[in-house]
Amino acid sequence: MGVRMKFIHLSDVHLGIVPDKNKSWSQDRYQEIYDTFKIVIESAIDQKIDLILIAGDLFHGQPLLKELKEINYLFEKIAPVQVVIIAGNHDYVKDNSFYNSFKWSKNVHFILNDQIECVEIPELNTNIYGMSYHSREIKFPIYDDVIPANRNRINILLGHGGDVNHIIVDENKFIENGFDYSAFGHIHKGYINRAKHFAYSGSLEPTDKNDYGEKGYIIGNIDFKSKKLDLDFVPCAQRQYVTLKINCNNSVTNHALVEKIVDKISEFGSNHIYKVVLTGARHESMEFEVENSLKDFNICEIIDETHIDYDYGKLLTQNDGTIVGQVIQKLQGIDDAAMFYAVNALLRTKR
């Protein structure tokens with residue numbers, strides 16, 4: 001045993017999920033999520049890792065027996081690296097769950113209990129406290145009053161939660177209660193509070209179109225004597241969800257718009273998955289229809305937030321004496337936004 005204990009903290013892998021169902025890349029994402037997890041686990045030997053902490057939602061739902069066998073094989077291959085796992089709200093332990101009877105490799109510690117229990121790893125002078133979800137929701141702040149029994153050991157709290165339906169988390173409490181590190185899951189965006197020895201690792205890979213930003217895991221180490229903690233975030237996702245905002249004007253055509261979008265995608269990389277948001281103005285004769293021209297790119301959604309760039313002088317001449325003309329005369333230069341919405345609504349009713 002060295003002077004420091006080195007660990008990987010990960011969570012929210014969601015093995016088995018098929019993101020963006022019915023999109024051309026959805027099955028690729030299913031496999032990529034598994035592949036990324038496999039790469040991280042297998043890296044433990046080269047990185048000289050002592051401990052892997054998995055803070056819930058390893059699976060997206062109830063794991064099949066064959067899935068547990070495949071994952072256990074990965075863990076068995078990295079022995080003597082120790083692995084501690086809890087179930088989260090997605091892969092919670094049902095009465096008929098295979099979690100209940102599965103026989104893990106000797107280096108794997110699955111905390112099956114729905115109440116806090118302690119996993120002791122004497123060879124690492126480390127105790128890990130945690131519990132598994134047995135239902136989709138837990139509204140009681142179960143972690144708040146957990147206090148380590150042996151302060152001479154490295155004490156880690158392994159948790160999953162952070163909202164009103166999934167164990168409200170007060171990160172200030174855990175270091176006060178005596179934990180040297182609190183390793184959490186459930187929130188997919190990574191977050192590290194070094195002062196409080198607290199972190200969400202975030203998900204390894206993005207799992208839906210609202211899952212923005214870099215994804216990865218935390219690598220850390222704790223000094224056995226001083227309990228000094230070092231934490232670093234390690235990006236590992238094969239793709240990201242990226243929002244592209246494309247500003248339009250009244251001269252933009254569909255062909256021009258496609259070129260703008262393709263140019264932007266080439267800047268970020270064609271492997272990523274894109275939400276395209278159209279902003280600005282368009283000519284009143286133009287309707288943007290670009291989906292078919294972009295079908296070879298990973299675009300999950302196109303949102304049109306453009307507005308029509310009306311020629312109000314021309315409209316006033318054409319609608320002199322009508323309600324449209326009256327609205328323009330009353331609001332022009334006073335409240336342009338109200339004028340646009342009123343004129344737009346009136347013109348649409350005339351079509």
# chains A, B, ... in the order shown; residues from 1 in each chain; ligands from 1
$ residues_around --residues "Asp223 of chain A" --least-positions-apart "5" --cutoff "12 Å" --atoms "only C-alpha atoms" --output "PDB file with N, CA and C atoms, in the first residue's frame"
ATOM      1  N   MET A   1       0.839  -1.197   0.000  1.00  0.00           N
ATOM      2  CA  MET A   1       0.000   0.000   0.000  1.00  0.00           C
ATOM      3  C   MET A   1       0.878   1.252   0.000  1.00  0.00           C
ATOM      4  N   GLY A   2       0.628   2.156  -0.960  1.00  0.00           N
ATOM      5  CA  GLY A   2       1.416   3.378  -1.062  1.00  0.00           C
ATOM      6  C   GLY A   2       0.982   4.398  -0.037  1.00  0.00           C
ATOM      7  N   VAL A   3       1.415   5.632  -0.247  1.00  0.00           N
ATOM      8  CA  VAL A   3       1.082   6.693   0.695  1.00  0.00           C
ATOM      9  C   VAL A   3      -0.264   7.336   0.363  1.00  0.00           C
ATOM     10  N   ARG A   4      -0.764   7.075  -0.837  1.00  0.00           N
ATOM     11  CA  ARG A   4      -2.037   7.662  -1.240  1.00  0.00           C
ATOM     12  C   ARG A   4      -2.938   6.594  -1.858  1.00  0.00           C
ATOM     13  N   MET A   5      -4.227   6.760  -1.660  1.00  0.00           N
ATOM     14  CA  MET A   5      -5.208   5.869  -2.271  1.00  0.00           C
ATOM     15  C   MET A   5      -5.772   6.573  -3.502  1.00  0.00           C
ATOM     16  N   LYS A   6      -5.660   5.938  -4.657  1.00  0.00           N
ATOM     17  CA  LYS A   6      -6.071   6.541  -5.922  1.00  0.00           C
ATOM     18  C   LYS A   6      -7.387   5.910  -6.376  1.00  0.00           C
ATOM     19  N   PHE A   7      -8.341   6.744  -6.783  1.00  0.00           N
ATOM     20  CA  PHE A   7      -9.665   6.210  -7.114  1.00  0.00           C
ATOM     21  C   PHE A   7     -10.248   6.862  -8.362  1.00  0.00           C
ATOM     22  N   LEU A 124      -7.031  -1.032   1.960  1.00  0.00           N
ATOM     23  CA  LEU A 124      -6.928   0.377   1.562  1.00  0.00           C
ATOM     24  C   LEU A 124      -7.169   1.319   2.743  1.00  0.00           C
ATOM     25  N   ASN A 125      -7.304   0.744   3.937  1.00  0.00           N
ATOM     26  CA  ASN A 125      -7.605   1.535   5.137  1.00  0.00           C
ATOM     27  C   ASN A 125      -8.784   2.482   4.875  1.00  0.00           C
ATOM     28  N   THR A 126      -9.804   1.954   4.200  1.00  0.00           N
ATOM     29  CA  THR A 126     -10.910   2.789   3.712  1.00  0.00           C
ATOM     30  C   THR A 126     -12.258   2.164   4.031  1.00  0.00           C
ATOM     31  N   ARG A 153      -9.641   5.896   9.587  1.00  0.00           N
ATOM     32  CA  ARG A 153      -9.646   5.390   8.212  1.00  0.00           C
ATOM     33  C   ARG A 153     -10.055   6.495   7.235  1.00  0.00           C
ATOM     34  N   ILE A 154      -9.803   6.276   5.968  1.00  0.00           N
ATOM     35  CA  ILE A 154     -10.371   7.142   4.936  1.00  0.00           C
ATOM     36  C   ILE A 154     -11.851   6.810   4.851  1.00  0.00           C
ATOM     37  N   ASN A 155     -12.702   7.803   4.990  1.00  0.00           N
ATOM     38  CA  ASN A 155     -14.146   7.592   4.979  1.00  0.00           C
ATOM     39  C   ASN A 155     -14.767   8.284   3.769  1.00  0.00           C
ATOM     40  N   ASP A 180     -14.161  12.150   4.298  1.00  0.00           N
ATOM     41  CA  ASP A 180     -13.004  12.670   3.583  1.00  0.00           C
ATOM     42  C   ASP A 180     -13.324  12.943   2.120  1.00  0.00           C
ATOM     43  N   TYR A 181     -14.344  12.275   1.613  1.00  0.00           N
ATOM     44  CA  TYR A 181     -14.813  12.536   0.260  1.00  0.00           C
ATOM     45  C   TYR A 181     -16.260  12.064   0.146  1.00  0.00           C
ATOM     46  N   LYS A 228      -5.265  14.569   2.762  1.00  0.00           N
ATOM     47  CA  LYS A 228      -5.299  15.571   1.685  1.00  0.00           C
ATOM     48  C   LYS A 228      -5.931  14.947   0.443  1.00  0.00           C
ATOM     49  N   LEU A 229      -6.860  15.700  -0.173  1.00  0.00           N
ATOM     50  CA  LEU A 229      -7.628  15.195  -1.295  1.00  0.00           C
ATOM     51  C   LEU A 229      -7.316  15.990  -2.551  1.00  0.00           C
ATOM     52  N   ASP A 230      -7.057  15.281  -3.649  1.00  0.00           N
ATOM     53  CA  ASP A 230      -6.890  15.903  -4.964  1.00  0.00           C
ATOM     54  C   ASP A 230      -7.934  15.314  -5.911  1.00  0.00           C
TER      55      ASP A 230
END
$ closest_atom_pairs --of "segment 3-122 of chain A" --to "segment 255-271 of chain A" --cutoff "12 Å" --atoms "only C-alpha atoms" --output "JSON lines"
{"residue": "A:Trp25", "atom": "CA", "partner": "A:Asn271", "partner_atom": "CA", "distance": 9.7}
{"residue": "A:Asp28", "atom": "CA", "partner": "A:Asn271", "partner_atom": "CA", "distance": 11.1}
{"residue": "A:Arg29", "atom": "CA", "partner": "A:Asn271", "partner_atom": "CA", "distance": 11.0}
$ residues_around --residues "Lys139 of chain A" --least-positions-apart "6" --cutoff "8 Å" --atoms "only C-alpha atoms" --output "ChimeraX atom specification"
/A:164-168
$ residues_around --residues "His134 of chain A" --least-positions-apart "3" --cutoff "8 Å" --atoms "only C-alpha atoms" --output "JSON list (two decimals) with N, CA, C and O atoms, in the first residue's frame"
[["chain", "number", "residue", "atom", "x", "y", "z"],
["A", 89, "ASN", "N", -31.87, 5.66, -8.94],
["A", 89, "ASN", "CA", -33.32, 5.67, -9.15],
["A", 89, "ASN", "C", -33.73, 5.01, -10.46],
["A", 89, "ASN", "O", -34.88, 4.57, -10.61],
["A", 92, "TYR", "N", -32.97, 0.92, -9.75],
["A", 92, "TYR", "CA", -33.27, 0.61, -8.35],
["A", 92, "TYR", "C", -33.57, -0.88, -8.16],
["A", 92, "TYR", "O", -33.97, -1.59, -9.10],
["A", 93, "VAL", "N", -33.37, -1.36, -6.95],
["A", 93, "VAL", "CA", -33.48, -2.79, -6.65],
["A", 93, "VAL", "C", -34.95, -3.17, -6.44],
["A", 93, "VAL", "O", -35.54, -2.87, -5.41],
["A", 94, "LYS", "N", -35.53, -3.83, -7.43],
["A", 94, "LYS", "CA", -36.89, -4.36, -7.29],
["A", 94, "LYS", "C", -36.84, -5.71, -6.56],
["A", 94, "LYS", "O", -35.78, -6.32, -6.41],
["A", 114, "ASP", "N", -31.23, -0.95, 1.47],
["A", 114, "ASP", "CA", -31.89, 0.34, 1.25],
["A", 114, "ASP", "C", -31.67, 1.29, 2.43],
["A", 114, "ASP", "O", -32.24, 2.39, 2.46]]
$ residues_around --residues "Leu231 of chain A" --least-positions-apart "3" --cutoff "12 Å" --atoms "only C-alpha atoms" --output "list in words"
Lys6, Phe7, Ile8, His9, Tyr181, Ser182, Ala183, Tyr191, Ile192, Asn193, Arg194, Ala195, Lys196, His197, Phe198, Ala199, Tyr200, Ser201, Tyr217, Ile218, Ile219, Gly220, Asn221, Ile222, Lys228 and Val234 of chain A
$ atom_distance --atom1 "atom CA of Leu10 of chain A" --atom2 "atom CA of Val83 of chain A"
11.0 Å
$ select_by_dssp --residues "segment 104-161 of chain A" --states "strand (DSSP E)" --output "ChimeraX atom specification"
/A:108-110,117-121,126-130,154-160
$ select_by_dssp --residues "segment 140-342 of chain A" --states "alpha helix (DSSP H)" --output "number ranges by chain"
A: 171-177, 254-268, 312-318, 323-331, 336-342
$ closest_residue --among "A:Val242, A:Ala87, A:Ile49, A:Leu158" --to "Lys275 of chain A" --atoms "only C-alpha atoms"
A:Val242
$ residues_around --residues "Thr279 of chain A" --least-positions-apart "4" --cutoff "12 Å" --atoms "only C-alpha atoms" --output "list of chain:residue names"
A:Leu244, A:Lys245, A:Ile246, A:Asn247, A:Cys248, A:Asn249, A:Asn250, A:Val252, A:Leu257, A:Phe288, A:Ile302, A:Ile303, A:Asp304, A:Glu305, A:Thr306, A:His307, A:Ile308, A:Asp309
$ closest_residue --among "A:Ile71, A:Asn298, A:Tyr274, A:Gly313" --to "Ser26 of chain A" --atoms "only C-alpha atoms"
A:Asn298
$ closest_residue --among "A:Ala55, A:Val13, A:Cys118, A:Ile156" --to "Val40 of chain A" --atoms "only C-alpha atoms"
A:Val13
$ atom_distance --atom1 "atom CA of Leu58 of chain A" --atom2 "atom CA of Glu176 of chain A"
28.7 Å
$ closest_atom_pairs --of "segment 236-305 of chain A" --to "segment 206-211 of chain A" --cutoff "9 Å" --atoms "only C-alpha atoms" --output "CSV"
residue,atom,partner,partner_atom,distance
A:Ala237,CA,A:Pro206,CA,7.5
A:Arg239,CA,A:Pro206,CA,7.6
A:Gln240,CA,A:Pro206,CA,6.5
A:Tyr241,CA,A:Lys209,CA,6.0
A:Val242,CA,A:Lys209,CA,8.5
A:Ile273,CA,A:Lys209,CA,8.0
A:Tyr274,CA,A:Lys209,CA,8.2
A:Lys275,CA,A:Lys209,CA,7.5
A:Cys300,CA,A:Lys209,CA,7.3
A:Glu301,CA,A:Lys209,CA,8.6
